[in-house]
$ cat coords29.cif   # mmCIF, C-alpha atoms (C1' of nucleotides)
data_entry
loop_
_atom_site.group_PDB
_atom_site.id
_atom_site.type_symbol
_atom_site.label_atom_id
_atom_site.label_comp_id
_atom_site.auth_asym_id
_atom_site.auth_seq_id
_atom_site.Cartn_x
_atom_site.Cartn_y
_atom_site.Cartn_z
ATOM 1 C CA MET A 117 87.584 60.829 99.194
ATOM 2 C CA ALA A 118 88.651 64.387 99.557
ATOM 3 C CA GLU A 119 89.582 66.244 96.434
ATOM 4 C CA LYS A 120 92.800 68.143 96.763
ATOM 5 C CA ARG A 121 92.095 71.810 97.220
ATOM 6 C CA ASN A 122 94.321 74.152 95.281
ATOM 7 C CA TYR A 123 95.012 77.787 95.914
ATOM 8 C CA TRP A 124 95.319 80.790 93.643
ATOM 9 C CA LEU A 125 95.822 84.509 93.668
ATOM 10 C CA VAL A 126 93.867 86.800 91.382
ATOM 11 C CA LYS A 127 94.556 90.470 90.803
ATOM 12 C CA SER A 128 92.048 93.222 90.408
ATOM 13 C CA GLU A 129 92.279 96.972 90.399
ATOM 14 C CA PRO A 130 89.955 98.073 93.189
ATOM 15 C CA ASP A 131 88.800 101.040 91.125
ATOM 16 C CA VAL A 132 87.491 98.527 88.609
ATOM 17 C CA PHE A 133 86.290 95.721 90.879
ATOM 18 C CA SER A 134 87.235 95.595 94.545
ATOM 19 C CA ILE A 135 86.620 92.962 97.171
ATOM 20 C CA ASP A 136 83.816 95.185 98.462
ATOM 21 C CA ASP A 137 82.256 95.041 95.011
ATOM 22 C CA LEU A 138 82.493 91.253 95.186
ATOM 23 C CA PHE A 139 80.738 91.158 98.552
ATOM 24 C CA ALA A 140 78.073 93.519 97.188
ATOM 25 C CA ALA A 141 77.446 91.397 94.095
ATOM 26 C CA PRO A 142 74.418 89.074 93.954
ATOM 27 C CA GLY A 143 75.351 85.901 95.793
ATOM 28 C CA LYS A 144 78.685 87.577 96.620
ATOM 29 C CA SER A 145 79.864 86.105 93.364
ATOM 30 C CA THR A 146 80.875 87.186 89.910
ATOM 31 C CA CYS A 147 82.298 85.844 86.696
ATOM 32 C CA TRP A 148 86.001 86.605 86.473
ATOM 33 C CA ASP A 149 85.965 87.923 82.925
ATOM 34 C CA GLY A 150 88.398 89.911 80.838
ATOM 35 C CA VAL A 151 91.567 87.861 81.273
ATOM 36 C CA ARG A 152 93.469 88.070 77.983
ATOM 37 C CA ASN A 153 96.705 86.266 78.655
ATOM 38 C CA TYR A 154 97.248 82.714 77.473
ATOM 39 C CA THR A 155 99.029 81.433 80.554
ATOM 40 C CA ALA A 156 96.286 82.780 82.796
ATOM 41 C CA ARG A 157 93.673 81.527 80.346
ATOM 42 C CA ASN A 158 95.030 77.999 80.563
ATOM 43 C CA MET A 159 94.816 78.036 84.337
ATOM 44 C CA LEU A 160 91.274 79.423 84.300
ATOM 45 C CA ARG A 161 90.165 76.879 81.720
ATOM 46 C CA ASP A 162 91.888 73.784 83.044
ATOM 47 C CA GLU A 163 93.069 74.116 86.581
ATOM 48 C CA LEU A 164 90.831 76.185 88.821
ATOM 49 C CA LYS A 165 88.339 73.796 90.390
ATOM 50 C CA ASN A 166 85.211 74.270 92.432
ATOM 51 C CA GLY A 167 86.108 74.911 96.038
ATOM 52 C CA ASP A 168 89.647 76.096 95.315
ATOM 53 C CA GLY A 169 90.792 79.001 97.466
ATOM 54 C CA VAL A 170 91.474 82.385 95.903
ATOM 55 C CA LEU A 171 93.472 85.231 97.407
ATOM 56 C CA TYR A 172 91.963 88.515 96.268
ATOM 57 C CA TYR A 173 94.758 90.956 95.441
ATOM 58 C CA HIS A 174 94.322 94.671 94.873
ATOM 59 C CA SER A 175 96.746 96.055 92.314
ATOM 60 C CA ARG A 176 97.427 99.620 91.217
ATOM 61 C CA THR A 177 96.386 101.042 94.519
ATOM 62 C CA ASP A 178 98.214 102.360 97.528
ATOM 63 C CA PRO A 179 99.247 100.147 99.098
ATOM 64 C CA PRO A 180 98.761 97.135 96.843
ATOM 65 C CA GLY A 181 98.025 93.944 98.748
ATOM 66 C CA ILE A 182 95.760 91.021 99.511
ATOM 67 C CA ALA A 183 92.324 92.135 100.606
ATOM 68 C CA GLY A 184 90.648 88.849 101.429
ATOM 69 C CA THR A 185 89.624 85.461 100.131
ATOM 70 C CA ALA A 186 87.181 83.914 97.714
ATOM 71 C CA GLU A 187 86.478 80.485 96.307
ATOM 72 C CA VAL A 188 85.866 79.055 92.884
ATOM 73 C CA VAL A 189 82.173 78.267 92.402
ATOM 74 C CA ARG A 190 82.096 77.576 88.670
ATOM 75 C CA GLU A 191 84.886 76.013 86.657
ATOM 76 C CA GLY A 192 86.262 77.251 83.346
ATOM 77 C CA TYR A 193 83.723 78.260 80.699
ATOM 78 C CA PRO A 194 83.871 80.684 77.749
ATOM 79 C CA ASP A 195 84.222 84.359 78.600
ATOM 80 C CA HIS A 196 81.235 85.985 76.890
ATOM 81 C CA THR A 197 82.908 89.396 76.699
ATOM 82 C CA GLN A 198 85.186 88.173 73.894
ATOM 83 C CA PHE A 199 82.151 88.095 71.571
ATOM 84 C CA ASP A 200 80.689 91.479 72.515
ATOM 85 C CA PRO A 201 81.875 94.265 70.197
ATOM 86 C CA LYS A 202 80.826 96.874 72.739
ATOM 87 C CA ASN A 203 82.917 95.325 75.473
ATOM 88 C CA SER A 204 86.453 96.604 76.013
ATOM 89 C CA HIS A 205 87.667 92.988 76.066
ATOM 90 C CA PHE A 206 86.116 92.182 72.706
ATOM 91 C CA ASP A 207 88.300 89.945 70.548
ATOM 92 C CA ALA A 208 87.458 90.054 66.858
ATOM 93 C CA LYS A 209 89.369 86.827 66.295
ATOM 94 C CA ALA A 210 87.443 84.846 68.878
ATOM 95 C CA ASP A 211 85.149 82.214 67.405
ATOM 96 C CA PRO A 212 82.020 81.145 69.316
ATOM 97 C CA GLU A 213 82.547 77.624 67.964
ATOM 98 C CA ASN A 214 86.048 77.585 69.401
ATOM 99 C CA PRO A 215 86.300 80.167 72.187
ATOM 100 C CA ARG A 216 89.673 81.653 72.861
ATOM 101 C CA TRP A 217 89.141 83.087 76.348
ATOM 102 C CA PHE A 218 87.769 81.457 79.465
ATOM 103 C CA MET A 219 86.680 82.504 82.920
ATOM 104 C CA VAL A 220 85.532 81.065 86.227
ATOM 105 C CA ASP A 221 83.033 82.280 88.790
ATOM 106 C CA ILE A 222 84.261 83.178 92.245
ATOM 107 C CA ARG A 223 82.393 83.898 95.464
ATOM 108 C CA ALA A 224 83.625 86.048 98.317
ATOM 109 C CA LEU A 225 84.594 84.222 101.481
ATOM 110 C CA GLU A 226 86.245 86.701 103.778
ATOM 111 C CA LYS A 227 87.505 90.253 103.858
ATOM 112 C CA PHE A 228 90.593 90.611 106.019
ATOM 113 C CA PRO A 229 90.426 92.946 109.025
ATOM 114 C CA ARG A 230 93.640 94.360 107.606
ATOM 115 C CA HIS A 231 94.834 93.937 104.061
ATOM 116 C CA VAL A 232 98.160 92.186 103.750
ATOM 117 C CA PRO A 233 100.245 94.763 101.906
ATOM 118 C CA LEU A 234 102.724 93.789 99.240
ATOM 119 C CA GLU A 235 105.467 95.204 101.413
ATOM 120 C CA GLU A 236 104.742 92.667 104.161
ATOM 121 C CA ILE A 237 104.590 89.816 101.677
ATOM 122 C CA LYS A 238 108.033 90.811 100.450
ATOM 123 C CA ALA A 239 109.318 91.032 104.007
ATOM 124 C CA SER A 240 107.993 87.599 104.996
ATOM 125 C CA SER A 241 110.444 84.737 104.659
ATOM 126 C CA LYS A 242 107.505 82.347 104.326
ATOM 127 C CA LEU A 243 106.057 84.284 101.398
ATOM 128 C CA ALA A 244 109.257 85.232 99.604
ATOM 129 C CA GLU A 245 108.635 82.635 96.897
ATOM 130 C CA MET A 246 105.170 83.876 95.992
ATOM 131 C CA ALA A 247 104.799 84.767 92.339
ATOM 132 C CA VAL A 248 103.282 88.120 93.191
ATOM 133 C CA VAL A 249 106.543 89.368 94.687
ATOM 134 C CA GLN A 250 108.716 88.150 91.840
ATOM 135 C CA ARG A 251 110.112 90.832 89.626
ATOM 136 C CA GLY A 252 108.028 91.702 86.610
ATOM 137 C CA GLN A 253 105.322 89.197 87.498
ATOM 138 C CA ARG A 254 102.187 90.404 85.776
ATOM 139 C CA LEU A 255 100.010 87.312 85.529
ATOM 140 C CA SER A 256 96.525 88.101 86.759
ATOM 141 C CA VAL A 257 96.047 84.517 87.942
ATOM 142 C CA GLN A 258 98.840 82.859 89.917
ATOM 143 C CA ARG A 259 99.410 79.658 91.814
ATOM 144 C CA VAL A 260 99.662 79.752 95.587
ATOM 145 C CA THR A 261 100.862 76.915 97.796
ATOM 146 C CA ALA A 262 98.869 75.636 100.749
ATOM 147 C CA ALA A 263 101.558 76.928 103.100
ATOM 148 C CA GLU A 264 101.415 80.382 101.518
ATOM 149 C CA TRP A 265 97.630 80.383 101.739
ATOM 150 C CA ARG A 266 97.757 79.593 105.457
ATOM 151 C CA GLU A 267 100.367 82.235 106.123
ATOM 152 C CA VAL A 268 98.511 84.967 104.235
ATOM 153 C CA LEU A 269 95.330 84.113 106.158
ATOM 154 C CA ARG A 270 97.216 84.201 109.431
ATOM 155 C CA MET A 271 98.631 87.628 108.593
ATOM 156 C CA GLY A 272 95.337 88.940 107.279
ATOM 157 C CA LYS A 273 93.392 87.925 110.361
ATOM 158 C CA SER A 274 95.808 89.124 112.998
ATOM 159 C CA GLU A 275 95.437 92.751 113.923
ATOM 160 C CA LYS A 276 99.002 92.918 115.120
ATOM 161 C CA ARG A 277 101.859 91.270 113.319
ATOM 162 C "C1'" DG B 223 110.735 82.057 62.695
ATOM 163 C "C1'" DC B 224 113.278 86.265 64.026
ATOM 164 C "C1'" DC B 225 112.846 90.398 66.344
ATOM 165 C "C1'" DA B 226 111.527 95.396 66.543
ATOM 166 C "C1'" DA B 227 107.551 97.858 67.598
ATOM 167 C "C1'" DC B 228 103.761 98.256 70.236
ATOM 168 C "C1'" DG B 229 100.385 97.811 74.071
ATOM 169 C "C1'" DT B 230 99.556 96.627 78.794
ATOM 170 C "C1'" DT B 231 100.605 95.900 83.571
ATOM 171 C "C1'" DG B 232 101.505 97.573 87.942
ATOM 172 C "C1'" DG B 233 104.871 99.285 91.531
ATOM 173 C "C1'" DC B 234 106.535 103.403 92.647
ATOM 174 C "C1'" DG C 60 102.001 109.895 85.662
ATOM 175 C "C1'" DC C 61 106.480 107.507 84.805
ATOM 176 C "C1'" DC C 62 108.658 103.722 83.041
ATOM 177 C "C1'" DA C 63 110.613 98.871 83.359
ATOM 178 C "C1'" DA C 64 109.097 94.419 82.364
ATOM 179 C "C1'" DC C 65 106.780 91.508 79.655
ATOM 180 C "C1'" DG C 66 103.464 89.442 76.119
ATOM 181 C "C1'" DT C 67 101.780 89.904 71.527
ATOM 182 C "C1'" DT C 68 101.861 91.297 66.793
ATOM 183 C "C1'" DG C 69 103.336 91.537 62.238
ATOM 184 C "C1'" DG C 70 106.814 92.725 58.572
ATOM 185 C "C1'" DC C 71 110.274 90.526 56.462
#
$ encode --input "coords29.cif" --output "structure tokens"
Amino acid sequence: MAEKRNYWLVKSEPDVFSIDDLFAAPGKSTCWDGVRNYTARNMLRDELKNGDGVLYYHSRTDPPGIAGTAEVVREGYPDHTQFDPKNSHFDAKADPENPRWFMVDIRALEKFPRHVPLEEIKASSKLAEMAVVQRGQRLSVQRVTAAEWREVLRMGKSEKR
DNA sequence: GCCAACGTTGGC
DNA sequence: GCCAACGTTGGC
């Protein structure tokens, strides 16, 4: 029986951790730490499952857009940076007995020949409903439908659009 | 439990 | 670097 595969979009500032950094990481994978938003936390803890597809979005860069794909390789577990006073994501209220923040591990799958810029996502009728193009949407983890996933991959892999 | 102040995000 | 949008905090 095939588990249903879900799809997500995660944001990262490429100056902090780009898709190239992900490919360069050991095993092309990393723990997705530092998320400090409860809605995103709930998705990381409860909903992202092994094998789920992840669109890797570069924010705060010019142009912002989707750089490639990754997959979930470890499901929600406590984000260790919440307990590290030297870490910028340290949370003094986090209790090791009852962790507040969670993360998953992701592994790089594919870097697009051309990033899919935010502008083209906005211009696409098939992608107009994506959370990332909604006004004021700041969640660093967002749901993506299977149809949106397919369309972003199609756009990312075609040299001409 | 309201809501103003504050901090962060992220396109531009 | 600006600033609108939004989530969180904390005084009351």
$ interface_residues --input "coords29.cif" --of "chain C" --to "chain A" --cutoff "10 Å" --atoms "all atoms listed in the file" --output "list in words"
DA63, DA64, DC65, DG66 and DT67 of chain C
$ residues_around --input "coords29.cif" --residues "Glu264 (chain A)" --least-positions-apart "6" --cutoff "9 Å" --atoms "only C-alpha atoms (C1' of nucleotides)" --output "JSON, numbers by chain"
{"A": [123, 242, 243, 245, 246]}
$ write_last_selection --input "coords29.cif" --atoms "C-alpha atoms" --output "CSV table (one decimal), keeping the file's coordinate frame"
chain,number,residue,atom,x,y,z
A,123,TYR,CA,95.0,77.8,95.9
A,242,LYS,CA,107.5,82.3,104.3
A,243,LEU,CA,106.1,84.3,101.4
A,245,GLU,CA,108.6,82.6,96.9
A,246,MET,CA,105.2,83.9,96.0
$ atom_distance --input "coords29.cif" --atom1 "CA of Asn166 (chain A)" --atom2 "CA of Lys238 (chain A)"
29.3 Å
$ atom_distance --input "coords29.cif" --atom1 "CA of Pro142 (chain A)" --atom2 "CA of Glu187 (chain A)"
15.0 Å
$ residues_near_point --input "coords29.cif" --point "(101.2, 98.7, 90.1)" --cutoff "6 Å" --atoms "all atoms listed in the file" --output "list in words"
Ser175 and Arg176 of chain A; DG232 and DG233 of chain B
$ write_last_selection --input "coords29.cif" --atoms "C-alpha atoms (C1' of nucleotides)" --output "JSON list (two decimals), in the coordinates of the input"
[["chain", "number", "residue", "atom", "x", "y", "z"],
["A", 175, "SER", "CA", 96.75, 96.06, 92.31],
["A", 176, "ARG", "CA", 97.43, 99.62, 91.22],
["B", 232, "DG", "C1'", 101.50, 97.57, 87.94],
["B", 233, "DG", "C1'", 104.87, 99.28, 91.53]]
$ resolve_selection --input "coords29.cif" --expression "the PyMOL selection byres ((chain C and resi 61) around 9)" --output "ChimeraX atom specification"
/B:234 /C:60,62
$ write_last_selection --input "coords29.cif" --atoms "C-alpha atoms (C1' of nucleotides)" --output "PDB file, keeping the file's coordinate frame"
ATOM      1  C1'  DC B 234     106.535 103.403  92.647  1.00  0.00           C
TER       2       DC B 234
ATOM      3  C1'  DG C  60     102.001 109.895  85.662  1.00  0.00           C
ATOM      4  C1'  DC C  62     108.658 103.722  83.041  1.00  0.00           C
TER       5       DC C  62
END
$ atom_distance --input "coords29.cif" --atom1 "CA of Arg161 (chain A)" --atom2 "CA of Arg266 (chain A)"
25.1 Å
$ decode --input "coords29.cif" --residues "chain B" --atoms "all heavy atoms" --output "tab-separated table (two decimals), in the first residue's frame"
chain	number	residue	atom	x	y	z
B	223	DG	P	-10.68	34.30	28.46
B	223	DG	OP1	-10.59	33.49	29.42
B	223	DG	OP2	-11.29	33.95	27.26
B	223	DG	O5'	-10.31	35.76	28.35
B	223	DG	C5'	-11.35	36.70	28.14
B	223	DG	C4'	-10.66	37.91	27.58
B	223	DG	O4'	-9.61	38.28	28.51
B	223	DG	C3'	-9.96	37.69	26.25
B	223	DG	O3'	-9.97	38.93	25.59
B	223	DG	C2'	-8.54	37.38	26.66
B	223	DG	C1'	-8.41	38.44	27.75
B	223	DG	N9	-7.26	38.30	28.63
B	223	DG	C8	-6.61	37.15	28.96
B	223	DG	N7	-5.60	37.35	29.76
B	223	DG	C5	-5.59	38.72	29.97
B	223	DG	C6	-4.71	39.53	30.74
B	223	DG	O6	-3.77	39.17	31.42
B	223	DG	N1	-5.07	40.88	30.67
B	223	DG	C2	-6.12	41.37	29.95
B	223	DG	N2	-6.30	42.67	30.01
B	223	DG	N3	-6.94	40.62	29.23
B	223	DG	C4	-6.61	39.31	29.28
B	224	DC	P	-10.85	39.17	24.32
B	224	DC	OP1	-12.28	38.99	24.64
B	224	DC	OP2	-10.21	38.43	23.25
B	224	DC	O5'	-10.59	40.74	24.13
B	224	DC	C5'	-11.00	41.62	25.17
B	224	DC	C4'	-10.03	42.78	25.28
B	224	DC	O4'	-8.87	42.41	26.04
B	224	DC	C3'	-9.53	43.31	23.93
B	224	DC	O3'	-9.71	44.71	23.97
B	224	DC	C2'	-8.06	42.91	23.91
B	224	DC	C1'	-7.70	42.90	25.39
B	224	DC	N1	-6.60	41.98	25.79
B	224	DC	C2	-5.52	42.48	26.52
B	224	DC	O2	-5.49	43.70	26.80
B	224	DC	N3	-4.55	41.63	26.92
B	224	DC	C4	-4.62	40.34	26.61
B	224	DC	N4	-3.64	39.55	27.05
B	224	DC	C5	-5.71	39.80	25.88
B	224	DC	C6	-6.67	40.65	25.48
B	225	DC	P	-9.75	45.54	22.60
B	225	DC	OP1	-10.60	46.71	22.82
B	225	DC	OP2	-10.02	44.61	21.49
B	225	DC	O5'	-8.24	46.02	22.46
B	225	DC	C5'	-7.67	46.84	23.47
B	225	DC	C4'	-6.18	46.95	23.25
B	225	DC	O4'	-5.52	45.76	23.71
B	225	DC	C3'	-5.79	47.09	21.77
B	225	DC	O3'	-4.68	47.97	21.68
B	225	DC	C2'	-5.32	45.69	21.42
B	225	DC	C1'	-4.62	45.33	22.71
B	225	DC	N1	-4.33	43.89	22.88
B	225	DC	C2	-3.30	43.53	23.76
B	225	DC	O2	-2.68	44.42	24.35
B	225	DC	N3	-3.02	42.22	23.92
B	225	DC	C4	-3.72	41.29	23.26
B	225	DC	N4	-3.41	40.02	23.46
B	225	DC	C5	-4.77	41.65	22.36
B	225	DC	C6	-5.04	42.95	22.21
B	226	DA	P	-4.85	49.35	20.91
B	226	DA	OP1	-6.01	50.07	21.46
B	226	DA	OP2	-4.75	49.04	19.49
B	226	DA	O5'	-3.53	50.12	21.36
B	226	DA	C5'	-3.28	50.33	22.74
B	226	DA	C4'	-1.82	50.15	23.02
B	226	DA	O4'	-1.50	48.74	23.11
B	226	DA	C3'	-0.89	50.74	21.97
B	226	DA	O3'	0.24	51.29	22.64
B	226	DA	C2'	-0.51	49.52	21.12
B	226	DA	C1'	-0.50	48.41	22.15
B	226	DA	N9	-0.84	47.07	21.66
B	226	DA	C8	-1.78	46.73	20.72
B	226	DA	N7	-1.88	45.44	20.52
B	226	DA	C5	-0.96	44.88	21.38
B	226	DA	C6	-0.58	43.55	21.64
B	226	DA	N6	-1.12	42.50	21.04
B	226	DA	N1	0.39	43.36	22.56
B	226	DA	C2	0.92	44.42	23.17
B	226	DA	N3	0.65	45.71	23.02
B	226	DA	C4	-0.31	45.87	22.09
B	227	DA	P	1.40	52.01	21.86
B	227	DA	OP1	1.75	53.22	22.63
B	227	DA	OP2	1.05	52.08	20.43
B	227	DA	O5'	2.59	50.96	22.04
B	227	DA	C5'	2.92	50.52	23.34
B	227	DA	C4'	4.01	49.48	23.24
B	227	DA	O4'	3.45	48.24	22.74
B	227	DA	C3'	5.15	49.85	22.29
B	227	DA	O3'	6.36	49.53	22.94
B	227	DA	C2'	4.89	48.99	21.06
B	227	DA	C1'	4.23	47.76	21.66
B	227	DA	N9	3.31	47.04	20.77
B	227	DA	C8	2.36	47.57	19.94
B	227	DA	N7	1.67	46.67	19.28
B	227	DA	C5	2.19	45.46	19.72
B	227	DA	C6	1.88	44.13	19.40
B	227	DA	N6	0.94	43.78	18.55
B	227	DA	N1	2.60	43.16	20.01
B	227	DA	C2	3.55	43.52	20.88
B	227	DA	N3	3.93	44.74	21.27
B	227	DA	C4	3.20	45.67	20.64
B	228	DC	P	7.77	49.97	22.34
B	228	DC	OP1	8.64	50.34	23.46
B	228	DC	OP2	7.55	50.87	21.19
B	228	DC	O5'	8.30	48.57	21.77
B	228	DC	C5'	8.27	47.43	22.63
B	228	DC	C4'	8.48	46.20	21.80
B	228	DC	O4'	7.29	45.88	21.06
B	228	DC	C3'	9.60	46.34	20.76
B	228	DC	O3'	10.61	45.40	21.08
B	228	DC	C2'	8.92	46.02	19.42
B	228	DC	C1'	7.68	45.25	19.86
B	228	DC	N1	6.54	45.32	18.91
B	228	DC	C2	6.00	44.12	18.44
B	228	DC	O2	6.47	43.04	18.81
B	228	DC	N3	4.94	44.16	17.59
B	228	DC	C4	4.45	45.34	17.21
B	228	DC	N4	3.42	45.33	16.37
B	228	DC	C5	4.99	46.57	17.67
B	228	DC	C6	6.03	46.51	18.51
B	229	DG	P	12.00	45.43	20.32
B	229	DG	OP1	13.05	45.21	21.32
B	229	DG	OP2	12.05	46.57	19.39
B	229	DG	O5'	11.87	44.11	19.45
B	229	DG	C5'	11.51	42.88	20.09
B	229	DG	C4'	11.39	41.80	19.03
B	229	DG	O4'	10.15	41.97	18.30
B	229	DG	C3'	12.51	41.83	17.99
B	229	DG	O3'	12.91	40.49	17.74
B	229	DG	C2'	11.86	42.49	16.77
B	229	DG	C1'	10.40	42.05	16.91
B	229	DG	N9	9.45	43.00	16.36
B	229	DG	C8	9.44	44.36	16.51
B	229	DG	N7	8.44	44.94	15.90
B	229	DG	C5	7.73	43.90	15.33
B	229	DG	C6	6.54	43.91	14.54
B	229	DG	O6	5.87	44.87	14.20
B	229	DG	N1	6.18	42.64	14.16
B	229	DG	C2	6.86	41.48	14.49
B	229	DG	N2	6.37	40.35	14.03
B	229	DG	N3	7.97	41.46	15.22
B	229	DG	C4	8.34	42.70	15.60
B	230	DT	P	14.02	40.17	16.64
B	230	DT	OP1	14.82	39.07	17.19
B	230	DT	OP2	14.65	41.43	16.19
B	230	DT	O5'	13.14	39.61	15.44
B	230	DT	C5'	12.23	38.55	15.68
B	230	DT	C4'	11.53	38.21	14.40
B	230	DT	O4'	10.63	39.27	14.04
B	230	DT	C3'	12.47	38.02	13.20
B	230	DT	O3'	12.09	36.80	12.59
B	230	DT	C2'	12.21	39.25	12.33
B	230	DT	C1'	10.75	39.56	12.66
B	230	DT	N1	10.32	40.96	12.50
B	230	DT	C2	9.16	41.21	11.80
B	230	DT	O2	8.50	40.32	11.28
B	230	DT	N3	8.80	42.52	11.72
B	230	DT	C4	9.47	43.60	12.27
B	230	DT	O4	9.04	44.74	12.14
B	230	DT	C5	10.67	43.28	12.99
B	230	DT	C7	11.47	44.37	13.61
B	230	DT	C6	11.04	41.99	13.08
B	231	DT	P	12.94	36.22	11.38
B	231	DT	OP1	13.06	34.79	11.66
B	231	DT	OP2	14.13	37.07	11.12
B	231	DT	O5'	11.96	36.40	10.15
B	231	DT	C5'	10.61	35.98	10.26
B	231	DT	C4'	9.86	36.50	9.05
B	231	DT	O4'	9.71	37.92	9.16
B	231	DT	C3'	10.58	36.25	7.71
B	231	DT	O3'	9.65	35.57	6.90
B	231	DT	C2'	10.95	37.64	7.21
B	231	DT	C1'	9.92	38.51	7.90
B	231	DT	N1	10.27	39.92	8.21
B	231	DT	C2	9.35	40.89	7.89
B	231	DT	O2	8.30	40.66	7.33
B	231	DT	N3	9.72	42.16	8.26
B	231	DT	C4	10.88	42.54	8.90
B	231	DT	O4	11.09	43.71	9.18
B	231	DT	C5	11.79	41.47	9.20
B	231	DT	C7	13.08	41.78	9.89
B	231	DT	C6	11.45	40.23	8.85
B	232	DG	P	10.09	34.80	5.62
B	232	DG	OP1	9.04	33.82	5.30
B	232	DG	OP2	11.49	34.37	5.80
B	232	DG	O5'	10.07	35.92	4.50
B	232	DG	C5'	8.83	36.45	4.08
B	232	DG	C4'	9.12	37.60	3.17
B	232	DG	O4'	9.56	38.73	3.95
B	232	DG	C3'	10.23	37.34	2.13
B	232	DG	O3'	9.79	37.85	0.91
B	232	DG	C2'	11.40	38.17	2.67
B	232	DG	C1'	10.64	39.33	3.26
B	232	DG	N9	11.38	40.16	4.18
B	232	DG	C8	12.50	39.86	4.90
B	232	DG	N7	12.95	40.86	5.63
B	232	DG	C5	12.05	41.88	5.38
B	232	DG	C6	11.98	43.20	5.88
B	232	DG	O6	12.75	43.75	6.67
B	232	DG	N1	10.89	43.90	5.37
B	232	DG	C2	9.97	43.39	4.49
B	232	DG	N2	8.99	44.21	4.12
B	232	DG	N3	10.01	42.16	4.02
B	232	DG	C4	11.07	41.47	4.49
B	233	DG	P	10.29	37.28	-0.45
B	233	DG	OP1	9.77	35.93	-0.62
B	233	DG	OP2	11.72	37.54	-0.60
B	233	DG	O5'	9.49	38.25	-1.42
B	233	DG	C5'	8.13	38.58	-1.15
B	233	DG	C4'	7.87	40.02	-1.50
B	233	DG	O4'	8.48	40.89	-0.51
B	233	DG	C3'	8.43	40.46	-2.84
B	233	DG	O3'	7.48	41.34	-3.43
B	233	DG	C2'	9.73	41.15	-2.47
B	233	DG	C1'	9.37	41.80	-1.14
B	233	DG	N9	10.51	41.97	-0.23
B	233	DG	C8	11.46	41.04	0.09
B	233	DG	N7	12.34	41.48	0.94
B	233	DG	C5	11.94	42.78	1.21
B	233	DG	C6	12.52	43.76	2.07
B	233	DG	O6	13.51	43.66	2.78
B	233	DG	N1	11.80	44.96	2.05
B	233	DG	C2	10.68	45.17	1.29
B	233	DG	N2	10.11	46.37	1.40
B	233	DG	N3	10.12	44.27	0.49
B	233	DG	C4	10.82	43.10	0.50
B	234	DC	P	7.55	41.70	-4.95
B	234	DC	OP1	6.16	41.94	-5.35
B	234	DC	OP2	8.37	40.72	-5.68
B	234	DC	O5'	8.31	43.08	-4.93
B	234	DC	C5'	7.67	44.21	-4.34
B	234	DC	C4'	8.69	45.28	-4.08
B	234	DC	O4'	9.57	44.88	-3.02
B	234	DC	C3'	9.64	45.52	-5.25
B	234	DC	O3'	9.08	46.50	-6.12
B	234	DC	C2'	10.90	46.04	-4.57
B	234	DC	C1'	10.70	45.72	-3.10
B	234	DC	N1	11.85	45.01	-2.49
B	234	DC	C2	12.63	45.68	-1.55
B	234	DC	O2	12.33	46.85	-1.27
B	234	DC	N3	13.67	45.05	-0.99
B	234	DC	C4	13.96	43.80	-1.32
B	234	DC	N4	14.99	43.21	-0.72
B	234	DC	C5	13.18	43.09	-2.27
B	234	DC	C6	12.15	43.73	-2.83
